[in-house]
Amino acid sequence: MSRTPVPPVLRPYLDELVHRTRAVCGRHLVSVLAVGSLALGDYRHGRSDVDVTVVVDGTLPREALPGLARTLAHPALDCPAAGLELVVYPAGFAARPSGGAGYLMDLNTGPFLPERVSHDAGETPAFWYVLDRSVAHQAGLALFGRPVRDVIAAPPRADVLTALRASVREHTEGEGHVADNRVLNGCRSVVYCRTGHWFAKRRAAEIVAASEAGFRPLLTDALRSFERPRQHALPLPAGAVGEFLAWVAGRVDEAVEAEGGHGAPR
């Protein structure tokens with residue numbers, strides 16, 4: 001594993017994850033990348049998931065993927081974080097700018113994540129993967145293989161904004177999202193729309209709080225809650241959360257319109 005600013009509590013786990021991935025994929029493995037909160041330098045132990053992107057060449061036998069899922073699934077590989085979200089992409093797809101999902105395998109596993117394995121990129125809304133690849137291209141950490149910019153293309157900004165619109169809708173209407181995470185994801189969406197860059201959730205909340213005084217109490221409470229383990233998150237007033245997310249949706253819609261309308265998945 002290359003030297004990266006990975007928290008020491010995760011290093012043995014990620015070393016073993018890379019070892020097992022290499023054992024299954026062999027010469028077909030191109031890269032293993034840490035993305036998400038790890039890449040943005042804001043991993044919170046007991047709260048954050050471990051997000052990993054695996055890139056393989058097009059000749060990897062598809063029957064290898066279920067075996068990879070089994071060897072990486074918790075507790076076969078005991079996940080010390082809230083969960084592991086691991087996505088496998090073919091190198092040809094990952095290297096092209098795209099607004100599609102495009103994965104070969106999507107694995108969710110861990111002590112606080114519902115177990116899920118998908119081998120059909122049409123099963124899940126594409127926005128999750130567009131946003132993950134956008135973050136990966138900006139800040140991904142190479143744990144094995146070729147550097148991130150060599151293997152992950154940045155999705156077009158129009159597609160990222162369209163994905164953000166879907167993400168805000170999901171965090172507003174979807175179930176199972178912790179209230180503080182709804183708010184902090186909203187902050188990160190707004191800051192991306194303003195700057196074109198991804199910031200860690202806590203830093204994004206500080207940026208929004210500095211310019212939007214009316215939301216500062218909610219953002220302060222969300223940040224306080226985010227310091228706690230996921231299962232001990234603080235309740236936030238539903239009305240205030242809904243008002244904030246409606247404001248976020250408005251800012252994202254403005255950015256989409258400024259970019260020329262809807263990005264089209266490819």
# chains A, B, ... in the order shown; residues from 1 in each chain; ligands from 1

$ residues_around --residues "segment 239-253 of chain A" --least-positions-apart "2" --cutoff "9 Å" --atoms "only C-alpha atoms" --output "list in words"
Leu161, Thr162, Leu164, Arg165, Val168, Arg169, His171, Thr172, Ala179, Asp180, Arg182, Val183, Gly186, Cys187, Ser189, Val190, Cys193, Arg194, Phe215, Leu218, Leu236, Pro237, Ala255, Val256, Glu257, Ala258 and Gly261 of chain A

$ write_last_selection --atoms "N, CA and C atoms" --output "short mmCIF file (atom, residue, chain, number, x, y, z; two decimals), in the first residue's frame"
data_model
loop_
_atom_site.label_atom_id
_atom_site.label_comp_id
_atom_site.auth_asym_id
_atom_site.auth_seq_id
_atom_site.Cartn_x
_atom_site.Cartn_y
_atom_site.Cartn_z
N LEU A 161 -23.73 18.39 -11.55
CA LEU A 161 -24.81 19.23 -11.01
C LEU A 161 -26.15 18.49 -11.05
N THR A 162 -26.40 17.78 -12.13
CA THR A 162 -27.62 16.98 -12.20
C THR A 162 -27.62 15.91 -11.12
N LEU A 164 -26.07 16.16 -8.25
CA LEU A 164 -26.30 16.86 -6.99
C LEU A 164 -27.79 17.13 -6.78
N ARG A 165 -28.47 17.49 -7.84
CA ARG A 165 -29.92 17.71 -7.73
C ARG A 165 -30.62 16.45 -7.23
N VAL A 168 -29.68 15.80 -3.47
CA VAL A 168 -30.43 16.64 -2.53
C VAL A 168 -31.86 16.13 -2.38
N ARG A 169 -32.45 15.70 -3.47
CA ARG A 169 -33.80 15.13 -3.40
C ARG A 169 -33.81 13.87 -2.53
N HIS A 171 -31.69 13.09 -0.10
CA HIS A 171 -31.47 13.44 1.30
C HIS A 171 -32.65 14.20 1.91
N THR A 172 -33.50 14.74 1.05
CA THR A 172 -34.71 15.41 1.55
C THR A 172 -35.84 14.41 1.76
N ALA A 179 -29.96 12.90 10.31
CA ALA A 179 -30.30 14.31 10.07
C ALA A 179 -29.06 15.17 9.86
N ASP A 180 -28.02 14.96 10.68
CA ASP A 180 -26.84 15.81 10.51
C ASP A 180 -26.18 15.57 9.15
N ARG A 182 -27.76 14.72 6.40
CA ARG A 182 -28.58 15.43 5.40
C ARG A 182 -28.11 16.88 5.29
N VAL A 183 -27.90 17.51 6.42
CA VAL A 183 -27.52 18.93 6.44
C VAL A 183 -26.12 19.12 5.89
N GLY A 186 -25.82 18.70 2.27
CA GLY A 186 -26.34 19.90 1.63
C GLY A 186 -25.31 21.00 1.56
N CYS A 187 -24.56 21.18 2.64
CA CYS A 187 -23.50 22.19 2.64
C CYS A 187 -22.47 21.89 1.57
N SER A 189 -22.85 20.25 -1.15
CA SER A 189 -23.43 20.49 -2.47
C SER A 189 -23.38 21.97 -2.83
N VAL A 190 -23.74 22.83 -1.89
CA VAL A 190 -23.74 24.27 -2.15
C VAL A 190 -22.33 24.76 -2.45
N CYS A 193 -21.26 23.83 -5.89
CA CYS A 193 -21.90 24.68 -6.90
C CYS A 193 -21.20 26.04 -6.99
N ARG A 194 -20.75 26.55 -5.87
CA ARG A 194 -20.08 27.85 -5.85
C ARG A 194 -18.67 27.80 -6.40
N PHE A 215 -28.83 30.25 8.95
CA PHE A 215 -28.70 28.80 9.12
C PHE A 215 -27.63 28.41 10.13
N LEU A 218 -28.55 25.88 13.04
CA LEU A 218 -28.74 24.51 12.56
C LEU A 218 -27.40 23.87 12.20
N LEU A 236 -32.26 16.69 15.21
CA LEU A 236 -32.31 18.06 14.71
C LEU A 236 -33.74 18.40 14.34
N PRO A 237 -34.16 19.65 14.52
CA PRO A 237 -35.56 20.00 14.22
C PRO A 237 -35.90 19.76 12.75
N ALA A 255 -27.53 26.59 -10.19
CA ALA A 255 -26.28 26.17 -10.83
C ALA A 255 -26.56 25.33 -12.08
N VAL A 256 -27.57 24.46 -12.00
CA VAL A 256 -27.94 23.65 -13.17
C VAL A 256 -28.38 24.55 -14.32
N GLU A 257 -29.22 25.52 -14.01
CA GLU A 257 -29.71 26.42 -15.05
C GLU A 257 -28.57 27.25 -15.63
N ALA A 258 -27.65 27.69 -14.78
CA ALA A 258 -26.51 28.47 -15.27
C ALA A 258 -25.62 27.65 -16.18
N GLY A 261 -28.98 23.82 -18.18
CA GLY A 261 -30.06 22.86 -18.07
C GLY A 261 -29.58 21.54 -17.55
#

$ select_by_dssp --residues "segment 8-167 of chain A" --states "helix (DSSP H, G or I)" --output "ChimeraX atom specification"
/A:11-28,36-39,64-72,91-94,127-139,148-151,157-167

$ residues_around --residues "Ala81 of chain A" --least-positions-apart "2" --cutoff "9 Å" --atoms "only C-alpha atoms" --output "list in words"
Leu10, Arg44, His45, Gly46, Arg47, Ser48, Asp49, Val50, Cys79, Gly83, Leu84, Gly110, Pro111 and Phe112 of chain A

$ atom_distance --atom1 "atom CA of Asp120 of chain A" --atom2 "atom CA of Gly102 of chain A"
8.7 Å

$ atom_distance --atom1 "atom CA of Pro217 of chain A" --atom2 "atom CA of Ala166 of chain A"
26.0 Å

$ residues_around --residues "Ala204 of chain A" --least-positions-apart "3" --cutoff "10 Å" --atoms "only C-alpha atoms" --output "PyMOL selection string"
chain A and resi 184-192+198-201+207-210

$ closest_residue --among "A:Glu16, A:Asp150, A:Glu123, A:Asp42" --to "Val55 of chain A" --atoms "only C-alpha atoms"
A:Asp150

$ residues_around --residues "Leu77 of chain A" --least-positions-apart "2" --cutoff "12 Å" --atoms "only C-alpha atoms" --output "NGL selection string"
:A and (12-21 or 68-75 or 79-81 or 83-84 or 109-111)

$ write_last_selection --atoms "N, CA and C atoms" --output "short mmCIF file (atom, residue, chain, number, x, y, z; two decimals), in the first residue's frame"
data_model
loop_
_atom_site.label_atom_id
_atom_site.label_comp_id
_atom_site.auth_asym_id
_atom_site.auth_seq_id
_atom_site.Cartn_x
_atom_site.Cartn_y
_atom_site.Cartn_z
N PRO A 12 -4.31 -1.23 8.87
CA PRO A 12 -4.27 -2.69 8.73
C PRO A 12 -5.43 -3.23 7.91
N TYR A 13 -6.61 -2.65 8.11
CA TYR A 13 -7.79 -3.09 7.36
C TYR A 13 -7.61 -2.84 5.87
N LEU A 14 -7.14 -1.66 5.50
CA LEU A 14 -6.97 -1.36 4.08
C LEU A 14 -5.82 -2.15 3.47
N ASP A 15 -4.78 -2.40 4.23
CA ASP A 15 -3.72 -3.28 3.75
C ASP A 15 -4.28 -4.66 3.38
N GLU A 16 -5.12 -5.20 4.27
CA GLU A 16 -5.68 -6.52 4.03
C GLU A 16 -6.68 -6.48 2.87
N LEU A 17 -7.44 -5.41 2.78
CA LEU A 17 -8.39 -5.27 1.66
C LEU A 17 -7.64 -5.27 0.33
N VAL A 18 -6.53 -4.53 0.26
CA VAL A 18 -5.73 -4.52 -0.96
C VAL A 18 -5.15 -5.90 -1.23
N HIS A 19 -4.64 -6.56 -0.20
CA HIS A 19 -4.07 -7.90 -0.36
C HIS A 19 -5.10 -8.87 -0.93
N ARG A 20 -6.31 -8.86 -0.37
CA ARG A 20 -7.35 -9.78 -0.84
C ARG A 20 -7.81 -9.43 -2.25
N THR A 21 -7.89 -8.15 -2.56
CA THR A 21 -8.30 -7.73 -3.90
C THR A 21 -7.27 -8.15 -4.93
N LEU A 68 -14.79 -11.92 -5.01
CA LEU A 68 -14.25 -10.70 -4.39
C LEU A 68 -15.20 -10.18 -3.33
N ALA A 69 -16.49 -10.17 -3.62
CA ALA A 69 -17.47 -9.70 -2.64
C ALA A 69 -17.43 -10.55 -1.38
N ARG A 70 -17.33 -11.86 -1.54
CA ARG A 70 -17.32 -12.75 -0.37
C ARG A 70 -16.09 -12.52 0.50
N THR A 71 -14.93 -12.34 -0.13
CA THR A 71 -13.71 -12.21 0.67
C THR A 71 -13.59 -10.85 1.35
N LEU A 72 -14.31 -9.84 0.83
CA LEU A 72 -14.24 -8.50 1.42
C LEU A 72 -15.41 -8.20 2.36
N ALA A 73 -16.44 -9.03 2.33
CA ALA A 73 -17.64 -8.75 3.12
C ALA A 73 -17.37 -8.90 4.62
N HIS A 74 -17.97 -8.03 5.39
CA HIS A 74 -17.95 -8.13 6.85
C HIS A 74 -18.89 -9.27 7.27
N PRO A 75 -18.49 -10.18 8.18
CA PRO A 75 -17.26 -10.15 8.98
C PRO A 75 -16.14 -11.02 8.44
N CYS A 79 -14.75 -5.19 9.33
CA CYS A 79 -14.66 -3.76 9.01
C CYS A 79 -14.66 -2.94 10.30
N PRO A 80 -13.60 -2.17 10.57
CA PRO A 80 -13.54 -1.38 11.79
C PRO A 80 -14.34 -0.09 11.72
N ALA A 81 -14.78 0.29 10.53
CA ALA A 81 -15.54 1.53 10.34
C ALA A 81 -17.03 1.24 10.41
N GLY A 83 -18.92 1.17 7.96
CA GLY A 83 -19.20 0.30 6.85
C GLY A 83 -18.18 0.47 5.75
N LEU A 84 -18.21 -0.43 4.79
CA LEU A 84 -17.40 -0.35 3.59
C LEU A 84 -18.32 -0.17 2.40
N THR A 109 -21.15 -3.19 2.91
CA THR A 109 -21.03 -4.17 3.98
C THR A 109 -20.50 -3.47 5.22
N GLY A 110 -20.62 -4.11 6.37
CA GLY A 110 -20.08 -3.53 7.59
C GLY A 110 -21.07 -3.58 8.73
N PRO A 111 -20.62 -3.19 9.93
CA PRO A 111 -21.47 -3.34 11.11
C PRO A 111 -22.71 -2.47 11.10
#

$ closest_residue --among "A:Leu65, A:Ala101, A:Ala136, A:Ala222" --to "Gly122 of chain A" --atoms "only C-alpha atoms"
A:Ala101

$ closest_residue --among "A:Pro61, A:Gly99, A:Pro156, A:Pro235" --to "Glu259 of chain A" --atoms "only C-alpha atoms"
A:Pro156

$ residues_around --residues "segment 56-60 of chain A" --least-positions-apart "6" --cutoff "12 Å" --atoms "only C-alpha atoms" --output "MDAnalysis selection string"
chainID A and resid 21:22 24:33 68 87:95 103:105 144:146 151:152

$ write_last_selection --atoms "C-alpha atoms" --output "short mmCIF file (atom, residue, chain, number, x, y, z; two decimals), in the first residue's frame"
data_model
loop_
_atom_site.label_atom_id
_atom_site.label_comp_id
_atom_site.auth_asym_id
_atom_site.auth_seq_id
_atom_site.Cartn_x
_atom_site.Cartn_y
_atom_site.Cartn_z
CA THR A 21 -8.30 -7.73 -3.90
CA ARG A 22 -4.94 -8.45 -5.51
CA VAL A 24 -8.69 -12.34 -6.47
CA CYS A 25 -8.06 -9.98 -9.40
CA GLY A 26 -4.41 -10.80 -10.06
CA ARG A 27 -2.93 -9.19 -13.16
CA HIS A 28 -6.32 -7.69 -14.02
CA LEU A 29 -6.17 -5.23 -11.11
CA VAL A 30 -5.34 -1.69 -12.23
CA SER A 31 -5.85 0.42 -9.08
CA VAL A 32 -7.33 0.44 -5.60
CA LEU A 33 -8.28 3.94 -4.47
CA LEU A 68 -14.25 -10.70 -4.39
CA VAL A 87 -17.28 -0.04 -6.20
CA VAL A 88 -15.52 -1.91 -9.00
CA TYR A 89 -15.26 -0.21 -12.41
CA PRO A 90 -13.90 -1.44 -15.73
CA ALA A 91 -10.89 0.65 -16.73
CA GLY A 92 -12.38 1.65 -20.08
CA PHE A 93 -15.47 3.14 -18.47
CA ALA A 94 -13.69 4.81 -15.54
CA ALA A 95 -11.27 6.61 -17.87
CA TYR A 103 -19.94 -0.27 -12.31
CA LEU A 104 -19.21 -3.99 -12.45
CA MET A 105 -19.86 -4.49 -8.75
CA PHE A 144 -2.36 0.23 -5.01
CA GLY A 145 -1.58 0.62 -8.69
CA ARG A 146 -1.88 3.57 -11.03
CA VAL A 151 -7.67 5.92 -14.18
CA ILE A 152 -10.67 8.05 -13.08
#

$ residues_around --residues "Ala163 of chain A" --least-positions-apart "5" --cutoff "9 Å" --atoms "only C-alpha atoms" --output "NGL selection string"
:A and (99 or 126-131 or 158 or 168 or 263)

$ write_last_selection --atoms "N, CA and C atoms" --output "PDB file, in the first residue's frame"
ATOM      1  N   GLY A  99     -21.767  10.478 -17.159  1.00  0.00           N
ATOM      2  CA  GLY A  99     -22.805  10.708 -16.172  1.00  0.00           C
ATOM      3  C   GLY A  99     -23.559   9.449 -15.814  1.00  0.00           C
ATOM      4  N   ALA A 126     -27.853   6.576 -10.854  1.00  0.00           N
ATOM      5  CA  ALA A 126     -26.467   6.840 -11.243  1.00  0.00           C
ATOM      6  C   ALA A 126     -25.817   7.948 -10.423  1.00  0.00           C
ATOM      7  N   PHE A 127     -26.601   8.802  -9.786  1.00  0.00           N
ATOM      8  CA  PHE A 127     -26.000   9.988  -9.179  1.00  0.00           C
ATOM      9  C   PHE A 127     -24.973   9.653  -8.113  1.00  0.00           C
ATOM     10  N   TRP A 128     -25.191   8.560  -7.345  1.00  0.00           N
ATOM     11  CA  TRP A 128     -24.219   8.202  -6.308  1.00  0.00           C
ATOM     12  C   TRP A 128     -22.829   8.029  -6.912  1.00  0.00           C
ATOM     13  N   TYR A 129     -22.752   7.381  -8.049  1.00  0.00           N
ATOM     14  CA  TYR A 129     -21.477   7.001  -8.652  1.00  0.00           C
ATOM     15  C   TYR A 129     -20.837   8.187  -9.367  1.00  0.00           C
ATOM     16  N   VAL A 130     -21.656   9.038  -9.959  1.00  0.00           N
ATOM     17  CA  VAL A 130     -21.128  10.257 -10.578  1.00  0.00           C
ATOM     18  C   VAL A 130     -20.441  11.123  -9.520  1.00  0.00           C
ATOM     19  N   LEU A 131     -21.098  11.311  -8.395  1.00  0.00           N
ATOM     20  CA  LEU A 131     -20.513  12.135  -7.341  1.00  0.00           C
ATOM     21  C   LEU A 131     -19.252  11.495  -6.770  1.00  0.00           C
ATOM     22  N   ALA A 158     -21.863  19.528 -15.842  1.00  0.00           N
ATOM     23  CA  ALA A 158     -23.321  19.479 -15.998  1.00  0.00           C
ATOM     24  C   ALA A 158     -23.879  18.193 -15.404  1.00  0.00           C
ATOM     25  N   VAL A 168     -29.678  15.803  -3.466  1.00  0.00           N
ATOM     26  CA  VAL A 168     -30.428  16.644  -2.527  1.00  0.00           C
ATOM     27  C   VAL A 168     -31.858  16.130  -2.384  1.00  0.00           C
ATOM     28  N   GLY A 263     -27.911  17.870 -17.354  1.00  0.00           N
ATOM     29  CA  GLY A 263     -26.895  16.977 -17.898  1.00  0.00           C
ATOM     30  C   GLY A 263     -27.547  15.648 -18.232  1.00  0.00           C
TER      31      GLY A 263
END

$ atom_distance --atom1 "atom CA of Tyr43 of chain A" --atom2 "atom CA of Pro229 of chain A"
12.1 Å

$ decode --residues "segment 148-170 of chain A" --atoms "N, CA, C and O atoms" --output "PDB file, in the first residue's frame"
ATOM      1  N   VAL A 148      -4.746   8.064  -9.323  1.00  0.00           N
ATOM      2  CA  VAL A 148      -6.167   8.275  -9.582  1.00  0.00           C
ATOM      3  C   VAL A 148      -6.415   9.036 -10.875  1.00  0.00           C
ATOM      4  O   VAL A 148      -7.312   8.695 -11.652  1.00  0.00           O
ATOM      5  N   ARG A 149      -5.636  10.066 -11.159  1.00  0.00           N
ATOM      6  CA  ARG A 149      -5.898  10.867 -12.361  1.00  0.00           C
ATOM      7  C   ARG A 149      -5.638  10.078 -13.644  1.00  0.00           C
ATOM      8  O   ARG A 149      -6.107  10.457 -14.712  1.00  0.00           O
ATOM      9  N   ASP A 150      -4.873   8.985 -13.520  1.00  0.00           N
ATOM     10  CA  ASP A 150      -4.630   8.135 -14.688  1.00  0.00           C
ATOM     11  C   ASP A 150      -5.803   7.209 -14.988  1.00  0.00           C
ATOM     12  O   ASP A 150      -5.900   6.691 -16.109  1.00  0.00           O
ATOM     13  N   VAL A 151      -6.647   6.973 -14.004  1.00  0.00           N
ATOM     14  CA  VAL A 151      -7.670   5.925 -14.178  1.00  0.00           C
ATOM     15  C   VAL A 151      -9.101   6.409 -13.993  1.00  0.00           C
ATOM     16  O   VAL A 151     -10.030   5.753 -14.462  1.00  0.00           O
ATOM     17  N   ILE A 152      -9.317   7.536 -13.317  1.00  0.00           N
ATOM     18  CA  ILE A 152     -10.674   8.050 -13.080  1.00  0.00           C
ATOM     19  C   ILE A 152     -10.813   9.407 -13.755  1.00  0.00           C
ATOM     20  O   ILE A 152     -10.132  10.373 -13.380  1.00  0.00           O
ATOM     21  N   ALA A 153     -11.689   9.500 -14.738  1.00  0.00           N
ATOM     22  CA  ALA A 153     -11.965  10.780 -15.393  1.00  0.00           C
ATOM     23  C   ALA A 153     -12.966  11.574 -14.574  1.00  0.00           C
ATOM     24  O   ALA A 153     -13.836  11.011 -13.898  1.00  0.00           O
ATOM     25  N   ALA A 154     -12.856  12.885 -14.642  1.00  0.00           N
ATOM     26  CA  ALA A 154     -13.823  13.754 -13.985  1.00  0.00           C
ATOM     27  C   ALA A 154     -15.117  13.771 -14.792  1.00  0.00           C
ATOM     28  O   ALA A 154     -15.095  14.057 -15.995  1.00  0.00           O
ATOM     29  N   PRO A 155     -16.269  13.455 -14.176  1.00  0.00           N
ATOM     30  CA  PRO A 155     -17.529  13.608 -14.905  1.00  0.00           C
ATOM     31  C   PRO A 155     -17.734  15.071 -15.303  1.00  0.00           C
ATOM     32  O   PRO A 155     -17.277  15.988 -14.603  1.00  0.00           O
ATOM     33  N   PRO A 156     -18.421  15.333 -16.419  1.00  0.00           N
ATOM     34  CA  PRO A 156     -18.693  16.717 -16.813  1.00  0.00           C
ATOM     35  C   PRO A 156     -19.454  17.472 -15.711  1.00  0.00           C
ATOM     36  O   PRO A 156     -20.292  16.886 -15.020  1.00  0.00           O
ATOM     37  N   ARG A 157     -19.163  18.762 -15.591  1.00  0.00           N
ATOM     38  CA  ARG A 157     -19.804  19.549 -14.533  1.00  0.00           C
ATOM     39  C   ARG A 157     -21.327  19.493 -14.638  1.00  0.00           C
ATOM     40  O   ARG A 157     -22.021  19.394 -13.623  1.00  0.00           O
ATOM     41  N   ALA A 158     -21.863  19.528 -15.842  1.00  0.00           N
ATOM     42  CA  ALA A 158     -23.321  19.479 -15.998  1.00  0.00           C
ATOM     43  C   ALA A 158     -23.879  18.193 -15.404  1.00  0.00           C
ATOM     44  O   ALA A 158     -24.940  18.192 -14.760  1.00  0.00           O
ATOM     45  N   ASP A 159     -23.173  17.074 -15.586  1.00  0.00           N
ATOM     46  CA  ASP A 159     -23.638  15.808 -15.033  1.00  0.00           C
ATOM     47  C   ASP A 159     -23.485  15.774 -13.517  1.00  0.00           C
ATOM     48  O   ASP A 159     -24.309  15.177 -12.817  1.00  0.00           O
ATOM     49  N   VAL A 160     -22.422  16.396 -13.007  1.00  0.00           N
ATOM     50  CA  VAL A 160     -22.253  16.459 -11.552  1.00  0.00           C
ATOM     51  C   VAL A 160     -23.378  17.291 -10.926  1.00  0.00           C
ATOM     52  O   VAL A 160     -23.950  16.903  -9.892  1.00  0.00           O
ATOM     53  N   LEU A 161     -23.731  18.394 -11.554  1.00  0.00           N
ATOM     54  CA  LEU A 161     -24.808  19.228 -11.009  1.00  0.00           C
ATOM     55  C   LEU A 161     -26.146  18.494 -11.052  1.00  0.00           C
ATOM     56  O   LEU A 161     -26.943  18.588 -10.109  1.00  0.00           O
ATOM     57  N   THR A 162     -26.398  17.778 -12.125  1.00  0.00           N
ATOM     58  CA  THR A 162     -27.616  16.984 -12.201  1.00  0.00           C
ATOM     59  C   THR A 162     -27.620  15.912 -11.118  1.00  0.00           C
ATOM     60  O   THR A 162     -28.651  15.632 -10.495  1.00  0.00           O
ATOM     61  N   ALA A 163     -26.465  15.303 -10.879  1.00  0.00           N
ATOM     62  CA  ALA A 163     -26.349  14.312  -9.809  1.00  0.00           C
ATOM     63  C   ALA A 163     -26.574  14.954  -8.445  1.00  0.00           C
ATOM     64  O   ALA A 163     -27.209  14.357  -7.565  1.00  0.00           O
ATOM     65  N   LEU A 164     -26.069  16.159  -8.253  1.00  0.00           N
ATOM     66  CA  LEU A 164     -26.301  16.856  -6.985  1.00  0.00           C
ATOM     67  C   LEU A 164     -27.786  17.127  -6.776  1.00  0.00           C
ATOM     68  O   LEU A 164     -28.296  17.006  -5.657  1.00  0.00           O
ATOM     69  N   ARG A 165     -28.474  17.486  -7.841  1.00  0.00           N
ATOM     70  CA  ARG A 165     -29.918  17.715  -7.726  1.00  0.00           C
ATOM     71  C   ARG A 165     -30.620  16.450  -7.228  1.00  0.00           C
ATOM     72  O   ARG A 165     -31.467  16.491  -6.334  1.00  0.00           O
ATOM     73  N   ALA A 166     -30.249  15.295  -7.789  1.00  0.00           N
ATOM     74  CA  ALA A 166     -30.834  14.024  -7.353  1.00  0.00           C
ATOM     75  C   ALA A 166     -30.418  13.683  -5.930  1.00  0.00           C
ATOM     76  O   ALA A 166     -31.211  13.149  -5.148  1.00  0.00           O
ATOM     77  N   SER A 167     -29.180  13.996  -5.563  1.00  0.00           N
ATOM     78  CA  SER A 167     -28.697  13.723  -4.211  1.00  0.00           C
ATOM     79  C   SER A 167     -29.456  14.535  -3.176  1.00  0.00           C
ATOM     80  O   SER A 167     -29.852  14.019  -2.123  1.00  0.00           O
ATOM     81  N   VAL A 168     -29.678  15.803  -3.466  1.00  0.00           N
ATOM     82  CA  VAL A 168     -30.428  16.644  -2.527  1.00  0.00           C
ATOM     83  C   VAL A 168     -31.858  16.130  -2.384  1.00  0.00           C
ATOM     84  O   VAL A 168     -32.411  16.088  -1.274  1.00  0.00           O
ATOM     85  N   ARG A 169     -32.451  15.697  -3.473  1.00  0.00           N
ATOM     86  CA  ARG A 169     -33.802  15.131  -3.402  1.00  0.00           C
ATOM     87  C   ARG A 169     -33.811  13.874  -2.530  1.00  0.00           C
ATOM     88  O   ARG A 169     -34.705  13.688  -1.690  1.00  0.00           O
ATOM     89  N   GLU A 170     -32.806  13.024  -2.701  1.00  0.00           N
ATOM     90  CA  GLU A 170     -32.720  11.811  -1.901  1.00  0.00           C
ATOM     91  C   GLU A 170     -32.540  12.131  -0.421  1.00  0.00           C
ATOM     92  O   GLU A 170     -33.185  11.520   0.443  1.00  0.00           O
TER      93      GLU A 170
END
